[in-house]
file coords.cif (mmCIF, C-alpha atoms)
data_entry
#
loop_
_atom_site.label_atom_id
_atom_site.label_comp_id
_atom_site.auth_asym_id
_atom_site.auth_seq_id
_atom_site.Cartn_x
_atom_site.Cartn_y
_atom_site.Cartn_z
CA MET H 1 66.12 45.28 -92.22
CA ILE H 2 64.25 42.75 -94.36
CA ILE H 3 60.45 42.76 -94.31
CA THR H 4 58.77 39.74 -95.86
CA GLY H 5 55.27 38.30 -96.04
CA ASP H 6 52.41 37.31 -98.34
CA ASP H 7 50.28 40.45 -97.79
CA PRO H 8 51.60 43.46 -99.77
CA GLU H 9 49.13 45.84 -98.10
CA TYR H 10 50.26 44.91 -94.62
CA ILE H 11 53.92 45.15 -95.62
CA ALA H 12 53.24 48.69 -96.86
CA PHE H 13 51.50 49.45 -93.55
CA VAL H 14 54.50 48.20 -91.54
CA LYS H 15 56.92 50.26 -93.62
CA ALA H 16 54.77 53.37 -93.16
CA ARG H 17 54.68 52.93 -89.37
CA LEU H 18 58.44 52.38 -89.24
CA HIS H 19 58.99 55.47 -91.37
CA ASP H 20 56.92 57.50 -88.89
CA GLN H 21 59.13 56.45 -85.99
CA PHE H 22 62.58 56.18 -87.60
CA LEU H 23 64.65 57.85 -90.29
CA MET H 24 64.74 55.15 -92.95
CA THR H 25 64.93 54.60 -96.72
CA ASP H 26 62.97 52.02 -98.67
CA LEU H 27 65.46 50.23 -100.94
CA GLY H 28 62.77 48.28 -102.78
CA PRO H 29 62.78 44.53 -103.47
CA LEU H 30 65.52 42.55 -101.76
CA ARG H 31 68.68 42.26 -103.88
CA TYR H 32 71.66 42.54 -101.53
CA PHE H 33 71.91 42.14 -97.76
CA LEU H 34 75.05 41.69 -95.62
CA GLY H 35 77.09 40.27 -98.49
CA ILE H 36 74.31 37.93 -99.69
CA GLU H 37 72.95 38.52 -103.19
CA VAL H 38 69.31 37.65 -103.93
CA SER H 39 67.86 37.41 -107.43
CA SER H 40 64.23 36.70 -108.19
CA THR H 41 62.77 34.94 -111.23
CA SER H 42 59.35 33.63 -112.15
CA TYR H 43 60.51 30.19 -111.00
CA GLY H 44 61.95 31.13 -107.63
CA PHE H 45 64.83 32.82 -105.83
CA TYR H 46 68.59 32.44 -106.07
CA ILE H 47 70.94 33.41 -103.25
CA SER H 48 74.70 33.67 -103.63
CA GLN H 49 77.79 35.55 -102.41
CA GLU H 50 79.63 36.12 -105.66
CA LYS H 51 80.81 39.64 -104.79
CA TYR H 52 81.88 38.45 -101.34
CA ILE H 53 83.98 35.69 -102.94
CA GLN H 54 85.59 38.21 -105.29
CA ASP H 55 86.57 40.32 -102.29
CA LEU H 56 87.96 37.24 -100.52
CA LEU H 57 90.04 36.27 -103.54
CA ALA H 58 91.48 39.78 -103.65
CA ARG H 59 92.37 39.58 -99.96
CA ALA H 60 93.85 36.09 -100.34
CA ALA H 61 96.25 37.38 -103.04
CA LEU H 62 96.86 33.94 -104.51
CA GLY H 63 99.38 35.16 -107.06
CA ASP H 64 98.26 32.73 -109.76
CA GLU H 65 95.23 31.86 -111.87
CA LEU H 66 95.00 28.19 -110.94
CA ILE H 67 91.61 26.49 -110.52
CA VAL H 68 91.04 23.15 -108.79
CA GLU H 69 88.07 20.82 -109.08
CA THR H 70 88.03 19.61 -105.47
CA LEU H 71 88.38 21.31 -102.10
CA MET H 72 90.93 18.80 -100.78
CA GLU H 73 92.93 15.92 -102.14
CA LEU H 74 91.44 12.48 -101.59
CA ASN H 75 92.13 10.81 -98.22
CA ILE H 76 94.02 13.80 -96.80
CA LYS H 77 94.12 13.73 -92.98
CA LEU H 78 95.44 17.00 -91.58
CA GLN H 79 97.16 17.01 -88.20
CA PRO H 80 98.34 19.84 -85.91
CA THR H 81 102.00 18.84 -86.40
CA ASP H 82 101.96 18.95 -90.21
CA GLY H 83 104.41 21.49 -91.64
CA ASP H 84 106.15 24.43 -89.97
CA PRO H 85 104.29 26.96 -87.78
CA LEU H 86 103.34 30.17 -89.53
CA PRO H 87 105.33 33.17 -88.26
CA ASP H 88 102.11 35.25 -88.22
CA PRO H 89 98.86 33.24 -87.96
CA THR H 90 96.68 36.36 -88.22
CA ARG H 91 96.19 36.05 -91.98
CA TYR H 92 95.16 32.39 -91.70
CA ARG H 93 92.63 33.19 -88.97
CA HIS H 94 91.19 36.10 -90.93
CA LEU H 95 90.71 34.07 -94.13
CA VAL H 96 89.22 31.04 -92.35
CA GLY H 97 86.84 33.28 -90.44
CA SER H 98 85.70 34.82 -93.71
CA LEU H 99 85.02 31.35 -95.12
CA VAL H 100 82.77 30.56 -92.15
CA TYR H 101 80.39 33.32 -93.27
CA LEU H 102 80.62 32.17 -96.88
CA ALA H 103 79.34 28.74 -95.83
CA VAL H 104 75.97 30.43 -95.23
CA THR H 105 75.27 30.04 -98.95
CA ARG H 106 77.89 27.44 -99.91
CA PRO H 107 77.16 24.11 -98.20
CA ASP H 108 79.77 22.43 -100.41
CA ILE H 109 82.58 24.04 -98.39
CA SER H 110 81.06 23.51 -94.94
CA TYR H 111 82.93 20.31 -94.04
CA HIS H 112 86.32 21.53 -95.26
CA VAL H 113 86.01 24.86 -93.47
CA HIS H 114 85.19 22.94 -90.29
CA ILE H 115 88.42 20.99 -90.75
CA LEU H 116 90.56 24.08 -91.33
CA ILE H 117 89.07 26.03 -88.44
CA GLN H 118 90.46 23.48 -85.97
CA PHE H 119 93.97 24.80 -86.58
CA VAL H 120 93.40 28.54 -86.07
CA SER H 121 95.28 28.51 -82.74
CA ALA H 122 98.54 27.25 -84.31
CA PRO H 123 98.30 27.02 -88.13
CA THR H 124 101.19 25.66 -90.17
CA THR H 125 102.41 25.99 -93.73
CA VAL H 126 100.56 22.79 -94.68
CA HIS H 127 97.28 24.07 -93.27
CA TYR H 128 97.77 27.36 -95.12
CA SER H 129 98.39 25.58 -98.43
CA HIS H 130 95.11 23.66 -98.04
CA LEU H 131 93.36 26.93 -97.20
CA LEU H 132 94.61 28.43 -100.47
CA ARG H 133 93.34 25.35 -102.30
CA VAL H 134 89.84 26.16 -101.03
CA PHE H 135 90.15 29.64 -102.56
CA ARG H 136 91.29 28.17 -105.89
CA TYR H 137 88.20 25.94 -105.79
CA LEU H 138 86.00 28.99 -105.10
CA ARG H 139 87.58 30.82 -108.04
CA GLY H 140 86.32 28.10 -110.37
CA THR H 141 82.86 27.84 -108.76
CA ILE H 142 82.22 31.50 -108.00
CA THR H 143 78.87 31.57 -109.84
CA ARG H 144 77.27 28.71 -107.89
CA ARG H 145 73.99 29.63 -106.22
CA ILE H 146 71.29 28.08 -104.04
CA PHE H 147 67.84 27.91 -105.62
CA PHE H 148 64.54 28.16 -103.75
CA PRO H 149 61.63 27.29 -106.10
CA ARG H 150 58.35 29.17 -105.75
CA SER H 151 56.26 26.03 -106.12
CA SER H 152 57.51 23.42 -103.68
CA SER H 153 55.98 21.06 -101.16
CA LEU H 154 56.26 21.69 -97.41
CA GLN H 155 57.48 18.16 -96.71
CA LEU H 156 60.77 17.96 -94.82
CA GLN H 157 63.34 15.41 -95.95
CA CYS H 158 66.62 14.98 -94.14
CA TYR H 159 69.95 13.21 -94.56
CA SER H 160 72.54 12.41 -91.90
CA ASP H 161 76.02 10.94 -92.14
CA ALA H 162 79.16 10.57 -90.07
CA THR H 163 82.84 9.94 -90.65
CA TRP H 164 83.97 7.54 -87.94
CA ALA H 165 87.26 8.29 -86.14
CA SER H 166 88.29 10.51 -89.05
CA ASP H 167 90.43 12.93 -87.03
CA PRO H 168 93.87 11.29 -86.74
CA SER H 169 94.90 13.49 -83.80
CA ASP H 170 92.18 12.40 -81.36
CA ARG H 171 90.11 9.85 -83.34
CA ARG H 172 86.89 11.78 -82.91
CA SER H 173 84.20 11.53 -85.55
CA PHE H 174 82.34 14.16 -87.54
CA SER H 175 78.59 14.47 -87.95
CA ALA H 176 76.97 16.10 -90.96
CA TYR H 177 73.39 16.62 -92.05
CA CYS H 178 71.27 18.52 -94.53
CA VAL H 179 67.54 19.29 -94.52
CA PHE H 180 65.32 19.93 -97.53
CA LEU H 181 61.91 21.61 -97.47
CA GLY H 182 60.42 20.25 -100.65
CA GLY H 183 63.10 20.98 -103.23
CA SER H 184 64.80 23.72 -101.18
CA LEU H 185 67.91 23.12 -99.11
CA ILE H 186 67.24 25.06 -95.90
CA ALA H 187 69.69 23.72 -93.29
CA TRP H 188 73.06 21.97 -93.17
CA LYS H 189 75.76 21.49 -90.57
CA THR H 190 79.08 19.77 -89.90
CA LYS H 191 80.13 19.18 -86.30
CA LYS H 192 82.96 17.37 -84.60
CA HIS H 193 81.94 15.02 -81.81
CA THR H 194 82.85 15.87 -78.22
CA ALA H 195 83.66 12.23 -77.39
CA VAL H 196 85.32 9.33 -79.17
CA SER H 197 82.86 6.87 -80.73
CA ARG H 198 83.72 3.22 -80.20
CA SER H 199 82.03 2.08 -83.41
CA SER H 200 80.77 3.48 -86.69
CA VAL H 201 77.21 2.75 -85.54
CA GLU H 202 77.73 4.97 -82.50
CA ALA H 203 79.06 7.79 -84.70
CA GLU H 204 76.10 7.47 -87.05
CA LEU H 205 73.67 7.48 -84.11
CA ARG H 206 75.16 10.69 -82.76
CA ALA H 207 74.76 12.26 -86.21
CA MET H 208 71.18 11.02 -86.35
CA ALA H 209 70.42 12.49 -82.90
CA LEU H 210 71.88 15.85 -83.95
CA LEU H 211 69.67 15.87 -87.04
CA THR H 212 66.62 14.73 -85.06
CA ALA H 213 66.92 17.73 -82.76
CA GLU H 214 67.11 20.06 -85.80
CA VAL H 215 64.09 18.42 -87.44
CA THR H 216 62.04 18.68 -84.25
CA TRP H 217 62.73 22.42 -84.09
CA LEU H 218 61.94 22.91 -87.80
CA ARG H 219 58.60 21.12 -87.42
CA TRP H 220 57.71 23.45 -84.54
CA LEU H 221 58.79 26.44 -86.63
CA LEU H 222 56.54 25.43 -89.53
CA VAL H 223 53.61 25.08 -87.11
CA ASP H 224 54.35 28.57 -85.75
CA PHE H 225 54.18 29.82 -89.36
CA GLY H 226 50.68 28.37 -89.63
CA PHE H 227 51.42 25.19 -91.58
CA SER H 228 49.89 21.90 -90.50
CA ILE H 229 52.47 19.11 -90.19
CA THR H 230 50.57 15.82 -90.21
CA THR H 231 53.00 13.45 -91.92
CA PRO H 232 56.24 12.02 -90.49
CA THR H 233 59.56 13.50 -91.56
CA LEU H 234 61.94 11.14 -93.32
CA VAL H 235 65.38 10.95 -91.69
CA LEU H 236 67.65 9.11 -94.11
CA SER H 237 70.90 7.41 -93.10
CA ASP H 238 73.21 4.99 -94.89
CA SER H 239 74.00 3.02 -91.69
CA ILE H 240 71.87 -0.11 -91.36
CA GLY H 241 73.13 -0.63 -87.80
CA ALA H 242 72.22 2.88 -86.68
CA ILE H 243 68.76 2.57 -88.21
CA CYS H 244 68.13 -0.74 -86.44
CA VAL H 245 69.25 0.62 -83.06
CA ALA H 246 67.21 3.80 -83.48
CA ARG H 247 64.11 1.73 -84.18
CA ASP H 248 64.61 -0.80 -81.39
CA PRO H 249 67.80 -0.85 -79.30
CA VAL H 250 67.57 -4.52 -78.40
CA LYS H 251 71.32 -5.02 -77.98
CA HIS H 252 71.45 -3.19 -74.64
CA GLU H 253 74.93 -4.45 -73.80
CA LEU H 254 76.32 -2.92 -76.99
CA THR H 255 74.37 0.36 -76.87
CA LYS H 256 74.03 1.25 -73.18
CA HIS H 257 76.96 3.73 -73.36
CA ILE H 258 75.12 5.71 -76.05
CA GLY H 259 71.67 5.32 -74.57
CA VAL H 260 70.84 9.03 -74.42
CA ASP H 261 71.21 9.62 -78.18
CA THR H 262 69.57 6.29 -78.96
CA PHE H 263 66.49 6.80 -76.79
CA TYR H 264 66.11 10.44 -77.79
CA THR H 265 66.04 9.48 -81.46
CA ARG H 266 63.72 6.54 -80.86
CA ALA H 267 61.37 8.71 -78.77
CA GLN H 268 61.02 11.14 -81.65
CA VAL H 269 60.37 8.28 -84.09
#
call {"tool": "encode", "arguments": {"input": "coords.cif", "output": "structure tokens"}}
result
Amino acid sequence: MIITGDDPEYIAFVKARLHDQFLMTDLGPLRYFLGIEVSSTSYGFYISQEKYIQDLLARAALGDELIVETLMELNIKLQPTDGDPLPDPTRYRHLVGSLVYLAVTRPDISYHVHILIQFVSAPTTVHYSHLLRVFRYLRGTITRRIFFPRSSSLQLQCYSDATWASDPSDRRSFSAYCVFLGGSLIAWKTKKHTAVSRSSVEAELRAMALLTAEVTWLRWLLVDFGFSITTPTLVLSDSIGAICVARDPVKHELTKHIGVDTFYTRAQV
């Protein structure tokens, strides 16, 4: 259990009451919890999973000391029919599942893990080789951490993006977003669309709608924590078309099939 707050006396009171009701041990300041390492400095907090990565590398048993600079080769498009089926897919599923938890503190692998997890039902030798490449990347970046500064504004700033028709097997797109609270990265996600987008603008709008829902919830959460949110939250996108439609969907003939995402985003704006 983690107890946190800005009132040391009340934290001590809560721990005393818990100790009266349950058999428990006070482990002191937070340093390690469920595989996540926390280190505190005068400037802020670092969270990482270095020990967890070391355990994963031992389980992966790579058999070499190679290190790669990128998670995947440029312009690689994996398909279900690539390579030969693995005789026993259990190992692939176990390693990919472990990477899903690692993405809690490593947003740089989020997209690639989302790609690899699509093949857990019938992985092939090609999929497995790309999985091992991710581990070689982690070996060279094992010390990377996320930093949360002590002094930071409470202004949310968000970024959304989409890769249009990037899955060669069904031509569905991927949405991705990240959310910063001041200088702290607090949320990120990669998600495959449930329907095929007929244009890049449509794909970007779906990504923007996904992010808008997350931002709306985060604003409510900050209010519940007692912070006053009086300024708009910036939602940044690199699609001029999606921005124009989100502001004012005047081209109804071109956007009527994506009206729900469009009008939801515009209503929040």
call {"tool": "closest_residue", "arguments": {"input": "coords.cif", "among": "H:Leu185, H:Ile67, H:Val14, H:Val245", "to": "Ile146 in chain H", "atoms": "all atoms listed in the file"}}
result
H:Leu185
call {"tool": "closest_residue", "arguments": {"input": "coords.cif", "among": "H:Thr230, H:Thr216, H:Gln49, H:Thr90", "to": "Val120 in chain H", "atoms": "all atoms listed in the file"}}
result
H:Thr90
call {"tool": "closest_residue", "arguments": {"input": "coords.cif", "among": "H:Ala246, H:Val96, H:Ile76, H:Leu132", "to": "Ala61 in chain H", "atoms": "only C-alpha atoms"}}
result
H:Leu132
call {"tool": "residues_near_point", "arguments": {"input": "coords.cif", "point": "(84.7, 16.8, -85.6)", "cutoff": "9 Å", "atoms": "all atoms listed in the file", "output": "NGL selection string"}}
result
:H and (114-115 or 118 or 163 or 165-167 or 172-175 or 190-194)
call {"tool": "resolve_selection", "arguments": {"input": "coords.cif", "expression": "the PyMOL selection byres ((chain H and resi 105) around 7)", "output": "PDB file with C-alpha atoms, in the coordinates of the input"}}
result
ATOM      1  CA  ILE H  47      70.940  33.410-103.250  1.00  0.00           C
ATOM      2  CA  SER H  48      74.700  33.670-103.630  1.00  0.00           C
ATOM      3  CA  GLN H  49      77.790  35.550-102.410  1.00  0.00           C
ATOM      4  CA  LEU H 102      80.620  32.170 -96.880  1.00  0.00           C
ATOM      5  CA  ALA H 103      79.340  28.740 -95.830  1.00  0.00           C
ATOM      6  CA  VAL H 104      75.970  30.430 -95.230  1.00  0.00           C
ATOM      7  CA  ARG H 106      77.890  27.440 -99.910  1.00  0.00           C
ATOM      8  CA  PRO H 107      77.160  24.110 -98.200  1.00  0.00           C
ATOM      9  CA  ILE H 146      71.290  28.080-104.040  1.00  0.00           C
TER      10      ILE H 146
END
call {"tool": "residues_near_point", "arguments": {"input": "coords.cif", "point": "(57.6, 25.1, -91.4)", "cutoff": "12 Å", "atoms": "all atoms listed in the file", "output": "ChimeraX atom specification"}}
result
/H:153-156,179-182,186,215-230,233
